[in-house]
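Read the structure below first, then the notes.
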Amino acid sequence: MSFYSTCERPAHILAVDDNPDVGLGIKDLLELEGHTVEVVGTGEEALQRIHATPCDVVILDICLPDQDGLSLLHSIVQTQPSLPVILLTALHALDRKTGPLEHLGAFAYITKPYDGKLLKTMVRRALNAKALATSAQQALQTLHASEERFRAVIQAATDAVVLADHQGTIVSWNPAAHRLFGYSEEEVLGKPLHMIMPTRYREAHERGLQRVSAGEACHVIGKVVELEGLRKDGTEFPLELSVSTWRTETERFFCGIIRDSTQRKRAERVLREANEQYRCLVEGVHAIPWEMDYRTGRMTYIGPQAISLLGYPVEQWFTPQFWETHLHPEDRTQTISTCKERARHERWYQLEYRMVDAKGQVVWIQDFVSVTLDADGQPSKLHGLMLDITERKHTEEFLKKTHGHMAIILANLPVSIFILNQDHRIVYANASACHSFQHTDVPLRGQLIHECLPLAATQWNRLVARVFLDATPSSSQEDEFEIEQRSFRYCLFPLPTSPNSKEDQQFGRFGVMAWDITEKKQLQEQLIQTEKLSSLGTLISGMAHEISNPMQAVVGISELLAEESDPDNIQELTTDLRRAALHISAILRDFMAYARPGSHDQDGLTDINEQLRRAAKMVKRSPYFGQTEVKEHFKQVPPIQARSSEIEQIFLNLMSNAVQAMNSHGELHLSTSANEQGITVQIRDTGEGIPETLMTKIFDPFFTTKKHGVGTGLGLSIVQKLISKYAGSLQITSTQGKGTTATIVFPYKRASIE
């Protein structure tokens, strides 16, 4: 409502006069003006009406029956200072008696008898004055409310709001500025703005203030600029500054809204780095990233790799139906149908198909596709990665052909080949395996391996476990078995498998290779026997000497018995004769045991120390032994699982070589010990040693440095083979002029599964 409309509206007027005629006259006069007039006769009634009903104007008689009119005026002014009061008095010099009216608070006074026109004029002026006062009050209240709202907004703002005058002095500082810069309001009010600026900005700031003071335009007004701020602790931080300005009648003010951009800067940096990483990843991968609109089938993104992999410019890929038309004609219909169908039911899938590149060549593609759904759950976008797998496809084709060739080779190998699955069942057996081990109409495929080969399931389990612990093939993983009077040697080997390959899991995890060594073993036994007989030929003269002495004793005792008649003497001679005969028998038994073929022996627990003593006993009968002194350094060692005749053969060959190298004079040292590796045996002589130039040949078959007719040259070769049979090792060291040492190590457990 405007000021003028307020003045012209009907007013509520209270007339206070104890004279009813005067009151009625005022009522009639003003009601003709459209006002509402209420008349009371006492001051008490007037106060009640004023408090009960709002009044616009009060016409007050000075003289009232219950109280002085001036006292009532004072009460009205105290309670409602904006209510205009017009005094009626018969006194013509009221202001001379009471002082100026403005001091009393009355709007005006009229003397009785009053002039009607004057009264109406005064009432109108009073109403105008009240309306003006009311409008001013409302304007002040509105301004105050606006200021309070502005202050609340400023105080609650998350951004720092700083106000400064034309000299750059801070005049307002909100809590966000306190949090941002670290200064409290008391610390910054009245201080220059440059206290929150790094030094490098202060000179430019001062120049800007001078330009604005000179009436020049400020280039930062109305813009957002990026700068750095200075905190109370001296640290700098990036910020965004928005500056506005306004002018009063006397001066200009500036408002700066400041936001810490540290997080934004960090986020922008992280985003840039992520984008750069993504770009490097996308552009660095040897594949084509792509995006397609599912409904239209048009590409919406294609990676730059499309040029190098298929030869088409990137922009061509965005033409309608580009991908479909460049599919290989034989794959086109099936590929498009499969792609659309799988996109409706799967969120991720992969395809393999052929495309034709810009040169007209066929390129095999493996496509990994991800599906994005819309709000209705329907496919909207397809994202994928095309890999060129042409080389892989060619390799697969080559491998298929190679596999066929390998199958032919395996089928015709004279060695038995088994491939086993993880349950130890045969999934493949070549022709040689079927010929050697399939003795019924039941095929080998599907049978357990220990049902075909003479080993228990527990033995196979231990053997397989050891194969996978040591996947490097070696002879220590080989062993032998016999079946139907035929000897076979076999070994296990692991097969490379992929944990995700169903084909590998179904086909096999390891293989078994077995080959017939019956003839080889027979030849080996013959060679060993030949070496034994050769050694016996060398030892025979020693045996003759060993027997001649007890034979002479037999002859002499026989002659004495023929002449003796005393029973006691005869008994004594008989005892001596028996002792000599037993000695001869023991010598012959030792030689016969050594000469017996080793194939007649069976594996058993063999005492290493005892076999060394037996071999030493045999060597002592050699004609080359002479004055050789045998020194034993035996420690308690556990027995090994072996053929005793083969262990004795090893020791006898090494001792014979040592004795011959010393030419009947020297020391033969025999020692045994045990450690974590196994049982160690050393046979050391004090002979002339082996020349260094011959050390690489000593294990060659038929190589010998002995005179013609002495030995076969097979001794060390046979020794090495026998030791390898028991997973042992042999090392020969020699120093010319000092002697030779043979060191043998037998492991505690043989490599084969017993």
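Going by the structure tokens order, chains are called A, B, ..., each with residues numbered from 1, while ligands are numbered from 1 in the order shown.
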Taking a cut-off of 10 Å and counting only C-alpha atoms, can you build a table that, for each residue of segment 283-302 of chain A near segment 362-367 of chain A, reports the nearest atom pair and how far apart they are in Å (one decimal), sorted by chain then residue number, as JSON lines?
{"residue": "A:Ala287", "atom": "CA", "partner": "A:Asp367", "partner_atom": "CA", "distance": 9.5}
{"residue": "A:Ile288", "atom": "CA", "partner": "A:Asp367", "partner_atom": "CA", "distance": 9.2}
{"residue": "A:Pro289", "atom": "CA", "partner": "A:Asp367", "partner_atom": "CA", "distance": 9.6}
Practice prompt. Would you mind writing down, as a ChimeraX atom specification, each residue of segment 167-304 of chain A that DSSP on the backbone assigns to strand (DSSP E)?
Written response: /A:170-173,224-230,236-247,252-260,287-293,299-302
Residues of the last selection are to be written out with C-alpha atoms, as a compact mmCIF listing (two decimals), in the first residue's frame.
# COMPACT_ATOMS: atom_id res chain seq x y z
CA ILE A 170 39.33 -4.99 5.73
CA VAL A 171 35.95 -3.99 7.16
CA SER A 172 34.17 -7.36 7.25
CA TRP A 173 35.46 -10.92 7.75
CA VAL A 224 36.68 -15.15 -11.48
CA VAL A 225 40.45 -15.14 -11.23
CA GLU A 226 42.80 -17.80 -9.92
CA LEU A 227 45.51 -16.69 -7.51
CA GLU A 228 47.31 -17.90 -4.40
CA GLY A 229 46.45 -16.91 -0.85
CA LEU A 230 48.68 -16.57 2.22
CA GLU A 236 50.27 -20.60 0.33
CA PHE A 237 47.27 -22.24 -1.29
CA PRO A 238 45.44 -21.87 -4.62
CA LEU A 239 42.17 -19.92 -4.60
CA GLU A 240 39.40 -18.60 -6.81
CA LEU A 241 38.54 -14.90 -6.34
CA SER A 242 35.37 -13.13 -7.46
CA VAL A 243 35.34 -9.34 -6.85
CA SER A 244 32.38 -6.94 -6.88
CA THR A 245 32.19 -3.24 -5.91
CA TRP A 246 29.62 -0.63 -4.92
CA ARG A 247 29.72 3.06 -4.04
CA ARG A 252 33.67 2.93 -2.62
CA PHE A 253 33.66 -0.58 -1.13
CA PHE A 254 34.85 -3.96 -2.48
CA CYS A 255 33.54 -7.47 -1.79
CA GLY A 256 35.72 -10.49 -2.45
CA ILE A 257 34.31 -14.03 -2.46
CA ILE A 258 37.19 -16.46 -2.02
CA ARG A 259 37.12 -20.23 -2.46
CA ASP A 260 39.94 -22.65 -1.69
CA ALA A 287 44.08 -53.74 -29.82
CA ILE A 288 41.22 -51.55 -31.04
CA PRO A 289 38.95 -50.07 -28.32
CA TRP A 290 35.50 -49.20 -29.63
CA GLU A 291 31.99 -48.10 -28.66
CA MET A 292 28.80 -48.73 -30.63
CA ASP A 293 25.18 -47.62 -30.36
CA MET A 299 30.31 -46.69 -34.04
CA THR A 300 30.49 -43.78 -31.58
CA TYR A 301 34.17 -44.25 -30.74
CA ILE A 302 37.08 -46.10 -32.33
Worksheet item: Any idea what's packed within 6 Å of segment 312-319 of chain A, counting only C-alpha atoms, ignoring anything in its chain fewer than 3 positions away? Could you give it as a PyMOL selection string?
Response: chain A and resi 299+307+322+358
With a distance cut-off of 12 Å and only C-alpha atoms, select the neighbouring residues of Gln485 of chain A, excluding the residue or stretch itself and same-chain residues fewer than 2 positions from it, and output the selection as a PDB file with C-alpha atoms, in the first residue's frame.
ATOM      1  CA  PHE A 481      60.333-103.474 -13.129  1.00  0.00           C
ATOM      2  CA  GLU A 482      59.909-106.982 -14.527  1.00  0.00           C
ATOM      3  CA  ILE A 483      56.826-108.500 -16.049  1.00  0.00           C
ATOM      4  CA  SER A 487      62.776-106.256 -17.836  1.00  0.00           C
ATOM      5  CA  PHE A 488      61.575-102.685 -18.383  1.00  0.00           C
ATOM      6  CA  ASP A 516      62.363-102.964 -22.784  1.00  0.00           C
ATOM      7  CA  ILE A 517      65.886-103.417 -21.390  1.00  0.00           C
ATOM      8  CA  THR A 518      65.919-107.208 -21.215  1.00  0.00           C
ATOM      9  CA  GLU A 519      68.683-107.620 -23.821  1.00  0.00           C
TER      10      GLU A 519
END
Practice prompt. Assign secondary structure with DSSP using the backbone only, and return the residues of segment 144-190 of chain A in alpha helix (DSSP H) as JSON, numbers by chain.
Written response: {"A": [144, 145, 146, 147, 148, 149, 150, 151, 152, 153, 154, 155, 156, 175, 176, 177, 178, 179, 180, 181, 185, 186, 187, 188]}
